[in-house]
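For reference, the structure discussed in these notes is given below.
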Amino acid sequence: MRSNVALCLAALLLPGAALACDPAGAYGIAFGDKPGRDARKQPGSGTVTIWYQVTPPQPDTRFDRYLVRTDAATGRIYQVDGVRTIIPLERSEGLTDAQRAAGVQQAEAFAQDYFASLPPDIRSRLVDEYGTSHREGAIADGTWMTVDVNFSWDVTVSCRDLAGERVMGERVLPEMFR
C-alpha cells in the first residue's frame with residue numbers, strides 16, 4: 001500500500017514523461033484537433049504543413065515552448081513537439097568555442113536525462129541510430145516519438161500521428177502510396 005501511495009505522489013510531483021507522447025497526442029494536445037486561438041503561426045510554414053507555437057493544456061516544465069504541425073489542407077494537428085532551448089540562436093553568435101561545446105554538452109545531457117525518465121517500455125522502443133543525441137521509434141501502433149538534439153542547443157521531443165501524416169502525404173505525393 002505504501003509503495004502505491006509513493007508511486008502516485010511521484011507521478012503527481014514529477015514532470016510527466018507519460019504525457020509526452022501517446023496515441024491520443026501529447027501534452028494534452030489531441031491529434032486531429034485544430035490549433036487554438038492563441039496559436040502563433042511560425043516561420044518556415046509552407047503550403048503543405050503549417051507550424052504553430054501553442055500553450056498546451058498539460059505542459060511539462062522541462063520545456064520552454066511547444067509547437068504543433070498541421071496539415072495545411074485540413075488544419076488538423078498530426079505532430080506535437082516540446083522544445084527545450086539551451087542557448088537561443090540569437091545569443092549564439094558571440095560565443096567562444098568552449099561555450100558552444102558546453103551548450104552542446106548541456107543539450108545532450110538534457111536529452112539523455114529526459115530519455116532516462118521515460119518508462120522502460122518506451123525507452124526500449126526508441127532506437128539510437130545516430131548517437132546519444134537522437135532516438136526515435138514507434139511507441140504505439142501509429143505513434144512515432146523522437147528525442148533529438150538539433151541545432152546543437154535545442155532538444156526536441158516530438159510525437160507524430162502517422163495516420164494524420166499519411167493523409168497529408170497521400171494528397172501531396174500520391175505516387176508514393178500506390
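Order determines the names: the first chain of the C-alpha cells is A, the second B, and so forth; residues in each chain are numbered 1 upward, and ligands are numbered 1 upward as they are shown.
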Would you tabulate, counting only C-alpha atoms, all residues of range 13-120 of chain A that have an atom at most 8 Å from an atom of range 160-177 of chain A, showing the closest pair of atoms and their distance in Å to one decimal, sorted by chain then ascending number, as JSON lines?
{"residue": "A:Pro23", "atom": "CA", "partner": "A:Asp161", "partner_atom": "CA", "distance": 7.2}
{"residue": "A:Gly25", "atom": "CA", "partner": "A:Asp161", "partner_atom": "CA", "distance": 7.6}
{"residue": "A:Phe31", "atom": "CA", "partner": "A:Asp161", "partner_atom": "CA", "distance": 6.7}
{"residue": "A:Gly32", "atom": "CA", "partner": "A:Gly164", "partner_atom": "CA", "distance": 7.2}
{"residue": "A:Val48", "atom": "CA", "partner": "A:Val172", "partner_atom": "CA", "distance": 7.5}
{"residue": "A:Asp71", "atom": "CA", "partner": "A:Met168", "partner_atom": "CA", "distance": 6.1}
{"residue": "A:Ala73", "atom": "CA", "partner": "A:Met168", "partner_atom": "CA", "distance": 8.0}
{"residue": "A:Arg76", "atom": "CA", "partner": "A:Gly164", "partner_atom": "CA", "distance": 8.0}
{"residue": "A:Ile77", "atom": "CA", "partner": "A:Gly164", "partner_atom": "CA", "distance": 7.7}
{"residue": "A:Tyr78", "atom": "CA", "partner": "A:Asp161", "partner_atom": "CA", "distance": 5.1}
{"residue": "A:Gln79", "atom": "CA", "partner": "A:Arg160", "partner_atom": "CA", "distance": 4.3}
{"residue": "A:Val80", "atom": "CA", "partner": "A:Arg160", "partner_atom": "CA", "distance": 6.6}
Would you put the residues from that selection into a file with N, CA and C atoms, as an mmCIF file, in the first residue's frame?
data_model
loop_
_atom_site.group_PDB
_atom_site.id
_atom_site.type_symbol
_atom_site.label_atom_id
_atom_site.label_comp_id
_atom_site.auth_asym_id
_atom_site.auth_seq_id
_atom_site.Cartn_x
_atom_site.Cartn_y
_atom_site.Cartn_z
ATOM 1 N N PRO A 23 -0.840 7.631 -28.134
ATOM 2 C CA PRO A 23 -1.648 7.583 -29.361
ATOM 3 C C PRO A 23 -2.703 8.687 -29.478
ATOM 4 N N GLY A 25 -2.154 11.911 -28.451
ATOM 5 C CA GLY A 25 -1.497 13.196 -28.665
ATOM 6 C C GLY A 25 -0.369 13.382 -27.682
ATOM 7 N N PHE A 31 -4.242 14.698 -31.228
ATOM 8 C CA PHE A 31 -4.074 14.583 -32.670
ATOM 9 C C PHE A 31 -5.439 14.747 -33.325
ATOM 10 N N GLY A 32 -5.462 15.421 -34.460
ATOM 11 C CA GLY A 32 -6.705 15.629 -35.187
ATOM 12 C C GLY A 32 -7.415 16.918 -34.821
ATOM 13 N N VAL A 48 2.146 22.948 -47.540
ATOM 14 C CA VAL A 48 1.745 21.585 -47.218
ATOM 15 C C VAL A 48 1.506 21.425 -45.724
ATOM 16 N N ASP A 71 -1.631 19.769 -41.004
ATOM 17 C CA ASP A 71 -1.833 19.579 -42.427
ATOM 18 C C ASP A 71 -2.470 20.878 -42.929
ATOM 19 N N ALA A 73 -4.051 21.627 -45.550
ATOM 20 C CA ALA A 73 -5.358 21.490 -46.203
ATOM 21 C C ALA A 73 -6.491 21.299 -45.196
ATOM 22 N N ARG A 76 -5.617 20.136 -39.358
ATOM 23 C CA ARG A 76 -5.578 19.178 -38.245
ATOM 24 C C ARG A 76 -4.138 18.918 -37.784
ATOM 25 N N ILE A 77 -3.978 18.815 -36.480
ATOM 26 C CA ILE A 77 -2.671 18.559 -35.866
ATOM 27 C C ILE A 77 -2.296 17.093 -36.042
ATOM 28 N N TYR A 78 -1.050 16.863 -36.512
ATOM 29 C CA TYR A 78 -0.548 15.489 -36.567
ATOM 30 C C TYR A 78 0.830 15.361 -35.908
ATOM 31 N N GLN A 79 1.366 16.459 -35.388
ATOM 32 C CA GLN A 79 2.650 16.397 -34.692
ATOM 33 C C GLN A 79 2.650 17.424 -33.580
ATOM 34 N N VAL A 80 3.182 17.017 -32.419
ATOM 35 C CA VAL A 80 3.292 17.905 -31.266
ATOM 36 C C VAL A 80 4.727 17.802 -30.762
#
**OP:** Give me every helix (DSSP H, G or I) residue in chain A, going by DSSP on the backbone, as a ChimeraX atom specification.
**Re:** /A:2-13,17-19,89-92,97-117,120-123,162-172,174-177
Take the residues from that selection and write them out as a PDB file, in the first residue's frame, keeping C-alpha atoms.
ATOM      1  CA  ARG A   2       2.742   2.437   0.979  1.00  0.00           C
ATOM      2  CA  SER A   3       4.607   1.884  -2.327  1.00  0.00           C
ATOM      3  CA  ASN A   4       1.413   2.584  -4.320  1.00  0.00           C
ATOM      4  CA  VAL A   5       0.971   5.885  -2.489  1.00  0.00           C
ATOM      5  CA  ALA A   6       4.613   6.782  -3.181  1.00  0.00           C
ATOM      6  CA  LEU A   7       4.187   5.980  -6.879  1.00  0.00           C
ATOM      7  CA  CYS A   8       1.039   8.125  -7.102  1.00  0.00           C
ATOM      8  CA  LEU A   9       2.766  11.040  -5.351  1.00  0.00           C
ATOM      9  CA  ALA A  10       5.795  10.734  -7.625  1.00  0.00           C
ATOM     10  CA  ALA A  11       3.539  10.742 -10.679  1.00  0.00           C
ATOM     11  CA  LEU A  12       1.890  13.940  -9.474  1.00  0.00           C
ATOM     12  CA  LEU A  13       5.069  15.757  -8.441  1.00  0.00           C
ATOM     13  CA  ALA A  17       7.046  11.766 -19.316  1.00  0.00           C
ATOM     14  CA  ALA A  18       3.887   9.748 -19.982  1.00  0.00           C
ATOM     15  CA  LEU A  19       2.237  12.948 -21.204  1.00  0.00           C
ATOM     16  CA  LEU A  89      20.307  31.196 -31.587  1.00  0.00           C
ATOM     17  CA  GLU A  90      20.183  34.980 -31.228  1.00  0.00           C
ATOM     18  CA  ARG A  91      22.736  34.715 -28.381  1.00  0.00           C
ATOM     19  CA  SER A  92      24.994  32.204 -30.108  1.00  0.00           C
ATOM     20  CA  ASP A  97      34.191  27.582 -28.945  1.00  0.00           C
ATOM     21  CA  ALA A  98      34.269  26.425 -25.311  1.00  0.00           C
ATOM     22  CA  GLN A  99      30.851  27.994 -24.639  1.00  0.00           C
ATOM     23  CA  ARG A 100      29.421  26.376 -27.757  1.00  0.00           C
ATOM     24  CA  ALA A 101      30.815  22.983 -26.717  1.00  0.00           C
ATOM     25  CA  ALA A 102      29.370  23.429 -23.216  1.00  0.00           C
ATOM     26  CA  GLY A 103      25.965  24.191 -24.762  1.00  0.00           C
ATOM     27  CA  VAL A 104      26.117  21.010 -26.834  1.00  0.00           C
ATOM     28  CA  GLN A 105      27.050  19.011 -23.721  1.00  0.00           C
ATOM     29  CA  GLN A 106      24.139  20.541 -21.773  1.00  0.00           C
ATOM     30  CA  ALA A 107      21.695  19.742 -24.583  1.00  0.00           C
ATOM     31  CA  GLU A 108      22.930  16.162 -24.882  1.00  0.00           C
ATOM     32  CA  ALA A 109      22.749  15.735 -21.082  1.00  0.00           C
ATOM     33  CA  PHE A 110      19.176  17.049 -21.071  1.00  0.00           C
ATOM     34  CA  ALA A 111      18.198  14.621 -23.859  1.00  0.00           C
ATOM     35  CA  GLN A 112      19.806  11.709 -22.007  1.00  0.00           C
ATOM     36  CA  ASP A 113      18.105  12.665 -18.727  1.00  0.00           C
ATOM     37  CA  TYR A 114      14.767  13.012 -20.488  1.00  0.00           C
ATOM     38  CA  PHE A 115      15.205   9.635 -22.163  1.00  0.00           C
ATOM     39  CA  ALA A 116      16.115   8.057 -18.800  1.00  0.00           C
ATOM     40  CA  SER A 117      12.872   9.451 -17.294  1.00  0.00           C
ATOM     41  CA  PRO A 120      11.190   1.252 -19.689  1.00  0.00           C
ATOM     42  CA  ASP A 121       8.773   0.004 -22.363  1.00  0.00           C
ATOM     43  CA  ILE A 122       9.012   3.361 -24.202  1.00  0.00           C
ATOM     44  CA  ARG A 123      12.815   3.514 -23.827  1.00  0.00           C
ATOM     45  CA  LEU A 162       1.461   8.554 -38.545  1.00  0.00           C
ATOM     46  CA  ALA A 163      -2.129   8.213 -39.804  1.00  0.00           C
ATOM     47  CA  GLY A 164      -2.542  12.004 -39.835  1.00  0.00           C
ATOM     48  CA  GLU A 165       0.805  12.412 -41.546  1.00  0.00           C
ATOM     49  CA  ARG A 166      -0.187   9.799 -44.128  1.00  0.00           C
ATOM     50  CA  VAL A 167      -3.366  11.715 -45.058  1.00  0.00           C
ATOM     51  CA  MET A 168      -1.211  14.693 -45.954  1.00  0.00           C
ATOM     52  CA  GLY A 169       1.364  12.506 -47.703  1.00  0.00           C
ATOM     53  CA  GLU A 170      -1.201  10.729 -49.875  1.00  0.00           C
ATOM     54  CA  ARG A 171      -2.556  14.058 -51.034  1.00  0.00           C
ATOM     55  CA  VAL A 172       0.834  15.650 -51.734  1.00  0.00           C
ATOM     56  CA  PRO A 174       0.030  10.091 -54.167  1.00  0.00           C
ATOM     57  CA  GLU A 175       2.515   8.125 -56.290  1.00  0.00           C
ATOM     58  CA  MET A 176       4.366   7.064 -53.113  1.00  0.00           C
ATOM     59  CA  PHE A 177       1.272   5.376 -51.710  1.00  0.00           C
TER      60      PHE A 177
END
Original post:
Between A:Ile86, A:Tyr27, A:Asp81, A:Val68, which is the closest to Arg40 in chain A once you count only C-alpha atoms?
Top reply: A:Val68
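Among the candidates A:Leu95, A:Pro43, A:Cys21, A:Trp153, the one nearest to Gly137 in chain A when counting only C-alpha atoms is A:Cys21.
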**OP:** Could you please write out, as a PyMOL selection string, every residue of range 25-124 of chain A that DSSP assigns to strand (DSSP E or B)?
**Re:** chain A and resi 25-26+29-30+40-41+49-54+65-71+77-85
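Nearest residue to Asp148 in chain A among A:Val127, A:Ala39, A:Ala30, A:Ala24 is A:Val127, counting only C-alpha atoms.
Neighbouring residues of Thr55 in chain A at 9 Å or closer, counting only C-alpha atoms and skipping chain neighbours under 5 positions away, are A:Gly36, A:Asp38, A:Ala39, A:Arg65, A:Tyr66, A:Leu67.
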Those same residues, written as an mmCIF file, in the first residue's frame with C-alpha atoms?
data_model
loop_
_atom_site.group_PDB
_atom_site.id
_atom_site.type_symbol
_atom_site.label_atom_id
_atom_site.label_comp_id
_atom_site.auth_asym_id
_atom_site.auth_seq_id
_atom_site.Cartn_x
_atom_site.Cartn_y
_atom_site.Cartn_z
ATOM 1 C CA GLY A 36 -6.491 27.106 -30.614
ATOM 2 C CA ASP A 38 -3.715 31.531 -29.023
ATOM 3 C CA ALA A 39 -1.626 29.595 -31.590
ATOM 4 C CA ARG A 65 7.945 26.074 -25.821
ATOM 5 C CA TYR A 66 5.605 23.835 -27.716
ATOM 6 C CA LEU A 67 4.947 23.532 -31.426
#
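Our summary of the geometry notes that CA of Gln53 in chain A is positioned 11.0 Å from CA of Arg37 in chain A.
Note that the spacing between CA of Thr143 in chain A and CA of Pro119 in chain A amounts to 15.8 Å.
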